[in-house]
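**Student:** So here's coords08.cif (mmCIF, C-alpha atoms).
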data_run
loop_
_atom_site.label_atom_id
_atom_site.label_comp_id
_atom_site.auth_asym_id
_atom_site.auth_seq_id
_atom_site.Cartn_x
_atom_site.Cartn_y
_atom_site.Cartn_z
CA MET A 1 205.07 -30.68 -232.33
CA ASP A 2 208.87 -30.38 -232.12
CA GLU A 3 209.07 -29.80 -235.87
CA SER A 4 206.29 -27.21 -235.73
CA ILE A 5 208.09 -25.30 -232.96
CA LEU A 6 211.33 -25.43 -234.96
CA ARG A 7 209.61 -24.11 -238.08
CA LEU A 8 207.94 -21.33 -236.07
CA SER A 9 211.24 -20.27 -234.51
CA LEU A 10 212.90 -20.17 -237.93
CA ALA A 11 210.02 -18.13 -239.30
CA MET A 12 210.49 -15.59 -236.51
CA SER A 13 214.23 -15.39 -237.07
CA ASP A 14 216.21 -13.15 -239.44
CA ALA A 15 215.61 -15.48 -242.39
CA THR A 16 214.97 -13.86 -245.74
CA ALA A 17 211.45 -13.41 -247.06
CA THR A 18 212.03 -16.19 -249.60
CA GLU A 19 213.22 -18.58 -246.89
CA LYS A 20 210.25 -17.74 -244.68
CA ALA A 21 207.83 -18.28 -247.57
CA ALA A 22 209.37 -21.68 -248.19
CA LEU A 23 208.88 -22.57 -244.53
CA GLN A 24 205.17 -21.78 -244.74
CA LYS A 25 204.61 -23.92 -247.83
CA PRO A 26 202.49 -27.00 -246.94
CA ARG A 27 204.47 -30.23 -247.02
CA PHE A 28 201.41 -32.41 -247.66
CA ALA A 29 198.49 -31.93 -250.01
CA PHE A 30 195.27 -33.91 -250.31
CA PHE A 31 193.69 -34.34 -253.75
CA SER A 32 190.04 -35.28 -253.31
CA LYS A 33 187.37 -35.86 -255.95
CA GLY A 34 183.68 -35.15 -255.58
CA ARG A 35 184.01 -32.63 -252.76
CA ILE A 36 180.92 -31.47 -250.85
CA ASP A 37 180.46 -27.87 -249.71
CA TYR A 38 179.39 -28.18 -246.07
CA THR A 39 178.93 -24.45 -245.49
CA PRO A 40 175.09 -24.67 -245.68
CA PHE A 41 175.12 -27.49 -243.11
CA PHE A 42 177.16 -25.90 -240.30
CA ALA A 43 174.04 -25.25 -238.21
CA HIS A 44 172.98 -28.89 -238.58
CA MET A 45 176.40 -30.12 -237.49
CA GLU A 46 176.40 -27.79 -234.50
CA ALA A 47 172.97 -29.09 -233.41
CA LEU A 48 174.09 -32.71 -233.84
CA LEU A 49 177.22 -32.13 -231.76
CA LYS A 50 175.15 -30.40 -229.08
CA ALA A 51 172.79 -33.40 -229.00
CA GLN A 52 175.77 -35.70 -228.60
CA GLU A 53 177.34 -33.66 -225.78
CA SER A 54 174.08 -33.24 -223.85
CA ARG A 55 172.88 -36.81 -224.57
CA ARG A 56 169.54 -35.56 -225.85
CA ILE A 57 167.49 -36.92 -228.73
CA CYS A 58 166.98 -34.76 -231.80
CA VAL A 59 164.33 -34.86 -234.50
CA VAL A 60 165.87 -35.00 -237.96
CA ARG A 61 164.33 -34.61 -241.39
CA TYR A 62 166.41 -36.75 -243.71
CA ARG A 63 166.38 -37.89 -247.33
CA ALA A 64 167.98 -41.28 -247.92
CA ALA A 65 170.09 -41.89 -251.03
CA GLY A 66 167.91 -42.67 -254.02
CA SER A 67 164.80 -41.21 -252.42
CA ARG A 68 163.11 -37.91 -253.26
CA LEU A 69 161.19 -37.70 -249.98
CA TYR A 70 162.31 -36.42 -246.59
CA LYS A 71 161.32 -38.55 -243.59
CA THR A 72 161.29 -37.63 -239.92
CA HIS A 73 163.53 -39.59 -237.54
CA ARG A 74 164.14 -39.46 -233.80
CA LEU A 75 167.92 -39.69 -233.57
CA ALA A 76 170.26 -40.39 -230.67
CA VAL A 77 173.65 -39.16 -231.87
CA GLY A 78 176.64 -41.43 -231.36
CA ARG A 79 179.43 -39.66 -233.19
CA MET A 80 180.36 -37.83 -236.37
CA ILE A 81 182.70 -39.54 -238.82
CA ALA A 82 184.40 -38.73 -242.12
CA MET A 83 184.47 -41.39 -244.83
CA ASN A 84 184.91 -41.29 -248.61
CA ASN A 85 185.07 -37.47 -248.71
CA ALA A 86 181.77 -37.12 -246.84
CA LEU A 87 180.59 -36.55 -243.27
CA TYR A 88 178.16 -38.90 -241.56
CA VAL A 89 176.39 -39.01 -238.21
CA LEU A 90 176.27 -42.44 -236.59
CA GLY A 91 173.61 -43.08 -234.00
CA ALA A 92 170.39 -44.88 -233.17
CA ASP A 93 166.90 -44.49 -234.56
CA VAL A 94 164.57 -44.11 -231.55
CA ARG A 95 160.95 -45.26 -231.25
CA GLU A 96 158.01 -42.88 -230.88
CA ASP A 97 158.19 -43.11 -227.08
CA PHE A 98 161.63 -41.44 -227.15
CA ARG A 99 162.78 -44.15 -224.73
CA THR A 100 163.85 -47.23 -226.65
CA LEU A 101 166.25 -47.93 -229.50
CA ARG A 102 164.80 -49.15 -232.80
CA HIS A 103 168.04 -49.85 -234.70
CA LEU A 104 171.47 -48.40 -235.41
CA CYS A 105 171.61 -45.95 -238.28
CA SER A 106 173.88 -43.65 -240.24
CA MET A 107 172.96 -40.44 -242.04
CA ALA A 108 174.90 -38.39 -244.56
CA VAL A 109 175.09 -34.85 -243.18
CA HIS A 110 174.52 -33.21 -246.57
CA ARG A 111 171.16 -35.04 -246.93
CA ILE A 112 169.80 -33.64 -243.66
CA ARG A 113 167.30 -30.83 -244.12
CA GLU A 114 166.47 -29.98 -240.52
CA VAL A 115 167.67 -30.80 -236.98
CA LYS A 116 165.64 -29.97 -233.86
CA LEU A 117 167.04 -30.67 -230.41
CA THR A 118 164.46 -32.01 -227.93
CA ASP A 119 164.41 -32.21 -224.13
CA HIS A 120 164.21 -36.00 -224.24
CA PRO A 121 167.36 -37.58 -222.77
CA VAL A 122 169.00 -40.69 -224.22
CA LEU A 123 167.91 -43.40 -221.77
CA PHE A 124 169.92 -46.32 -223.17
CA PRO A 125 173.64 -47.00 -223.65
CA MET A 126 174.76 -45.94 -227.09
CA PRO A 127 176.33 -48.78 -229.09
CA GLU A 128 179.85 -47.81 -230.08
CA ALA A 129 180.64 -47.89 -233.80
CA ASP A 130 183.87 -49.73 -234.54
CA PRO A 131 186.10 -47.77 -236.95
CA GLY A 132 187.98 -50.98 -237.68
CA THR A 133 185.11 -52.50 -239.66
CA PHE A 134 184.43 -51.99 -243.36
CA GLY A 135 181.68 -49.45 -243.98
CA LEU A 136 178.95 -47.98 -241.85
CA PRO A 137 176.98 -50.12 -239.38
CA TRP A 138 173.78 -51.43 -241.00
CA HIS A 139 173.53 -54.95 -239.58
CA GLU A 140 175.34 -57.49 -237.43
CA PRO A 141 178.91 -58.38 -238.54
CA ARG A 142 179.06 -60.70 -241.56
CA THR A 143 182.12 -62.16 -243.30
CA PHE A 144 182.62 -62.28 -247.08
CA ARG A 145 185.25 -63.55 -249.51
CA ILE A 146 186.20 -61.46 -252.56
CA ARG A 147 188.51 -62.51 -255.40
CA PHE A 148 190.61 -59.92 -257.23
CA ALA A 149 192.25 -60.61 -260.59
CA PRO A 150 196.06 -60.35 -260.85
CA GLY A 151 197.42 -56.95 -261.77
CA LYS A 152 196.87 -53.39 -260.61
CA VAL A 153 193.66 -54.04 -258.68
CA ALA A 154 195.16 -56.89 -256.66
CA ASP A 155 198.19 -54.72 -255.87
CA TYR A 156 195.93 -51.86 -254.81
CA VAL A 157 193.94 -54.09 -252.44
CA ARG A 158 196.91 -55.93 -250.88
CA GLU A 159 198.70 -52.64 -250.12
CA ARG A 160 195.89 -51.42 -247.86
CA THR A 161 194.06 -52.42 -244.70
CA TRP A 162 190.30 -52.53 -245.31
CA ALA A 163 189.18 -53.77 -241.89
CA ASP A 164 190.73 -55.03 -238.68
CA ALA A 165 189.08 -58.41 -239.30
CA GLN A 166 190.49 -59.26 -242.72
CA ARG A 167 192.63 -62.00 -244.29
CA LEU A 168 194.59 -61.88 -247.55
CA GLU A 169 195.22 -65.06 -249.52
CA GLU A 170 197.46 -65.09 -252.59
CA THR A 171 196.21 -67.16 -255.55
CA PRO A 172 198.52 -69.15 -257.87
CA ASP A 173 197.89 -66.80 -260.80
CA GLY A 174 199.02 -63.72 -258.83
CA GLY A 175 195.57 -62.62 -257.84
CA LEU A 176 194.18 -62.18 -254.36
CA ILE A 177 191.31 -63.37 -252.18
CA LEU A 178 190.24 -60.95 -249.45
CA THR A 179 188.20 -62.29 -246.55
CA ILE A 180 186.63 -59.38 -244.71
CA THR A 181 184.08 -58.75 -241.97
CA THR A 182 181.62 -55.90 -242.43
CA ARG A 183 178.38 -54.52 -241.01
CA SER A 184 177.41 -53.06 -244.38
CA GLN A 185 176.86 -55.70 -247.06
CA PRO A 186 175.30 -53.21 -249.56
CA GLU A 187 178.33 -50.93 -249.26
CA LEU A 188 180.72 -53.87 -249.67
CA ALA A 189 178.84 -55.09 -252.75
CA ALA A 190 178.96 -51.60 -254.30
CA TRP A 191 182.71 -51.42 -253.58
CA VAL A 192 183.27 -54.78 -255.29
CA ARG A 193 181.22 -53.71 -258.33
CA SER A 194 183.34 -50.55 -258.66
CA PHE A 195 186.26 -52.75 -259.78
CA GLY A 196 184.27 -54.16 -262.69
CA GLU A 197 185.30 -57.59 -264.00
CA THR A 198 188.52 -57.59 -261.96
CA ALA A 199 186.68 -58.35 -258.67
CA GLU A 200 184.11 -60.97 -257.73
CA LEU A 201 182.14 -61.46 -254.52
CA LEU A 202 182.57 -65.19 -253.92
CA SER A 203 180.76 -66.16 -250.76
CA GLU A 204 179.51 -65.27 -247.32
CA GLU A 205 180.99 -67.52 -244.64
CA GLY A 206 181.27 -70.46 -247.03
CA GLU A 207 178.01 -69.91 -248.93
CA ASP A 208 177.71 -68.68 -252.53
CA VAL A 209 176.66 -65.07 -252.96
CA GLN A 210 174.53 -63.93 -255.90
CA GLN A 211 175.23 -60.32 -256.89
#
Could I get this structure in the form of structure tokens?
**Tutor:**
Amino acid sequence: MDESILRLSLAMSDATATEKAALQKPRFAFFSKGRIDYTPFFAHMEALLKAQESRRICVVRYRAAGSRLYKTHRLAVGRMIAMNNALYVLGADVREDFRTLRHLCSMAVHRIREVKLTDHPVLFPMPEADPGTFGLPWHEPRTFRIRFAPGKVADYVRERTWADAQRLEETPDGGLILTITTRSQPELAAWVRSFGETAELLSEEGEDVQQ
């Protein structure tokens, strides 16, 4: 805030046009791949936020990844999050009685076709999603071990924090073993596969894992 005030005061001073233009130039830039245009989904996001604020259940028509069909869900909205250049709504899938929780769920905003706010209040405490875990909440926390080959991939992994509950173990050949807790095993498996032959999912809590 102090720096912003300083830059504003300089911009309002007798500085030259060139100096003022330099002051307005962004100091940080984000280069993202696979961007999504959310303009067509503003109304959906507004309805989801209204459902969250008023603690009311909404009826959502949603198409899951890999499916061609839209299904109807009764959704209690927990919060909106941004992850991997996409927006998601975290919440709970509600039973037909509009009173009880079926399971936690996450929906990609750009796959939502329709949102209708109902008069049904959320009658149960909303489970809080933990941003310190790897991936979106799909199941109870589970712990996995992943081995990364020495080189660029191991450096990339060891330089970052992937979850609050993680452990890094150096291997004699310069590689790395990451032990991590997640509530999204499918997402973790897809992440491991994205590294090709340089990463291998070893085990879940001491048991062998077949990919």
**Student:** Under the PyMOL selection byres ((chain A and resi 42) around 12), which residues of this model are included? Write them out as an NGL selection string.
**Tutor:** :A and (37-41 or 43-49 or 87 or 109-110 or 112-115)
**Student:** Restrict the selected residues to C-alpha atoms and save them as a PDB file, in the frame of the given file.
**Tutor:**
ATOM      1  CA  ASP A  37     180.460 -27.870-249.710  1.00  0.00           C
ATOM      2  CA  TYR A  38     179.390 -28.180-246.070  1.00  0.00           C
ATOM      3  CA  THR A  39     178.930 -24.450-245.490  1.00  0.00           C
ATOM      4  CA  PRO A  40     175.090 -24.670-245.680  1.00  0.00           C
ATOM      5  CA  PHE A  41     175.120 -27.490-243.110  1.00  0.00           C
ATOM      6  CA  ALA A  43     174.040 -25.250-238.210  1.00  0.00           C
ATOM      7  CA  HIS A  44     172.980 -28.890-238.580  1.00  0.00           C
ATOM      8  CA  MET A  45     176.400 -30.120-237.490  1.00  0.00           C
ATOM      9  CA  GLU A  46     176.400 -27.790-234.500  1.00  0.00           C
ATOM     10  CA  ALA A  47     172.970 -29.090-233.410  1.00  0.00           C
ATOM     11  CA  LEU A  48     174.090 -32.710-233.840  1.00  0.00           C
ATOM     12  CA  LEU A  49     177.220 -32.130-231.760  1.00  0.00           C
ATOM     13  CA  LEU A  87     180.590 -36.550-243.270  1.00  0.00           C
ATOM     14  CA  VAL A 109     175.090 -34.850-243.180  1.00  0.00           C
ATOM     15  CA  HIS A 110     174.520 -33.210-246.570  1.00  0.00           C
ATOM     16  CA  ILE A 112     169.800 -33.640-243.660  1.00  0.00           C
ATOM     17  CA  ARG A 113     167.300 -30.830-244.120  1.00  0.00           C
ATOM     18  CA  GLU A 114     166.470 -29.980-240.520  1.00  0.00           C
ATOM     19  CA  VAL A 115     167.670 -30.800-236.980  1.00  0.00           C
TER      20      VAL A 115
END
**Student:** Could you check the closest approach to Ala163 of chain A for each of A:Trp191, A:Phe134, A:Phe124, A:Phe144 and tell me which residue wins, using only C-alpha atoms?
**Tutor:**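 Under the stated criterion, the closest residue is A:Phe134.
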**Student:** Could you state the separation of atom CA of Thr143 of chain A and atom CA of Ser184 of chain A in Å, given to one decimal place?
**Tutor:**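 Calculated distance between atom CA of Thr143 of chain A and atom CA of Ser184 of chain A is 10.3 Å.
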**Student:** Would you mind telling me which residue in A:Arg99, A:Lys152, A:Arg145, A:Lys71 lies nearest to Leu168 of chain A when using all atoms listed in the file?
**Tutor:** A:Arg145
**Student:** Would you be able to write out as a PDB file with C-alpha atoms, in the coordinates of the input which residues have an atom within 8 Å of (198.9, -63.3, -257.2) in the file's coordinates, counting only C-alpha atoms?
**Tutor:**
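Here's the written file point.pdb:
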ATOM      1  CA  ALA A 149     192.250 -60.610-260.590  1.00  0.00           C
ATOM      2  CA  PRO A 150     196.060 -60.350-260.850  1.00  0.00           C
ATOM      3  CA  GLY A 151     197.420 -56.950-261.770  1.00  0.00           C
ATOM      4  CA  ALA A 154     195.160 -56.890-256.660  1.00  0.00           C
ATOM      5  CA  GLU A 170     197.460 -65.090-252.590  1.00  0.00           C
ATOM      6  CA  THR A 171     196.210 -67.160-255.550  1.00  0.00           C
ATOM      7  CA  PRO A 172     198.520 -69.150-257.870  1.00  0.00           C
ATOM      8  CA  ASP A 173     197.890 -66.800-260.800  1.00  0.00           C
ATOM      9  CA  GLY A 174     199.020 -63.720-258.830  1.00  0.00           C
ATOM     10  CA  GLY A 175     195.570 -62.620-257.840  1.00  0.00           C
ATOM     11  CA  LEU A 176     194.180 -62.180-254.360  1.00  0.00           C
TER      12      LEU A 176
END
**Student:** For a test of reading the model, state the distance in Å between atom CA of Leu69 of chain A and atom CA of Gln185 of chain A, rounded to one decimal.
**Tutor:**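 Computing the Euclidean distance for atom CA of Leu69 of chain A and atom CA of Gln185 of chain A yields 24.0 Å.
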**Student:** Please tell me which residues are no farther than 6 Å from (169.0, -39.7, -244.3) in the file, counting all atoms listed in the file, and write them as a list in words.
**Tutor:** Tyr62, Arg63, Ala64, Met107 and Arg111 of chain A
**Student:** Report, in Å to a single decimal, how far apart atom CA of Gly91 of chain A and atom CA of Ser106 of chain A are.
**Tutor:**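 Distance reported for this atom pair: 6.3 Å.
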**Student:** Run the PyMOL selection byres ((chain A and resi 34) around 10) mentally over the shown coordinates, then write out the matched residues as a compact mmCIF listing (two decimals) with C-alpha atoms, keeping the file's coordinate frame, using the chain letters and numbers from the document.
**Tutor:**
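Generated file (part_0.txt):
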# COMPACT_ATOMS: atom_id res chain seq x y z
CA SER A 32 190.04 -35.28 -253.31
CA LYS A 33 187.37 -35.86 -255.95
CA ARG A 35 184.01 -32.63 -252.76
CA ILE A 36 180.92 -31.47 -250.85
CA ASP A 37 180.46 -27.87 -249.71
CA ASN A 84 184.91 -41.29 -248.61
CA ASN A 85 185.07 -37.47 -248.71
CA ALA A 86 181.77 -37.12 -246.84
**Student:** Would you list the contacts of Arg55 of chain A as a VMD selection string, taking every protein, DNA or RNA residue within 12 Å and counting all atoms listed in the file, but skipping same-chain residues closer than 2 positions in sequence?
**Tutor:** chain A and resid 47 to 53 57 to 58 75 to 79 91 117 to 126
**Student:** Give me the residues near Ile177 of chain A as a list in words, where near means some atom within 6 Å (using all atoms listed in the file) and where sequence neighbours in that chain fewer than 6 positions away do not count.
**Tutor:**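 Contacts, in chain order: Ile146, Arg147, Leu168 and Glu169 of chain A.
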**Student:** Can you pull out the residues contacting Val153 of chain A? Cut-off 10 Å, using only C-alpha atoms, and skip same-chain residues under 5 positions away; I want them as JSON, numbers by chain.
**Tutor:** {"A": [148, 158, 175, 176, 195, 198, 199]}
**Student:** Generate a file of the selected residues that holds C-alpha atoms, formatted as a PDB file, in the coordinates of the input.
**Tutor:**
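The resulting part01.pdb:
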ATOM      1  CA  PHE A 148     190.610 -59.920-257.230  1.00  0.00           C
ATOM      2  CA  ARG A 158     196.910 -55.930-250.880  1.00  0.00           C
ATOM      3  CA  GLY A 175     195.570 -62.620-257.840  1.00  0.00           C
ATOM      4  CA  LEU A 176     194.180 -62.180-254.360  1.00  0.00           C
ATOM      5  CA  PHE A 195     186.260 -52.750-259.780  1.00  0.00           C
ATOM      6  CA  THR A 198     188.520 -57.590-261.960  1.00  0.00           C
ATOM      7  CA  ALA A 199     186.680 -58.350-258.670  1.00  0.00           C
TER       8      ALA A 199
END
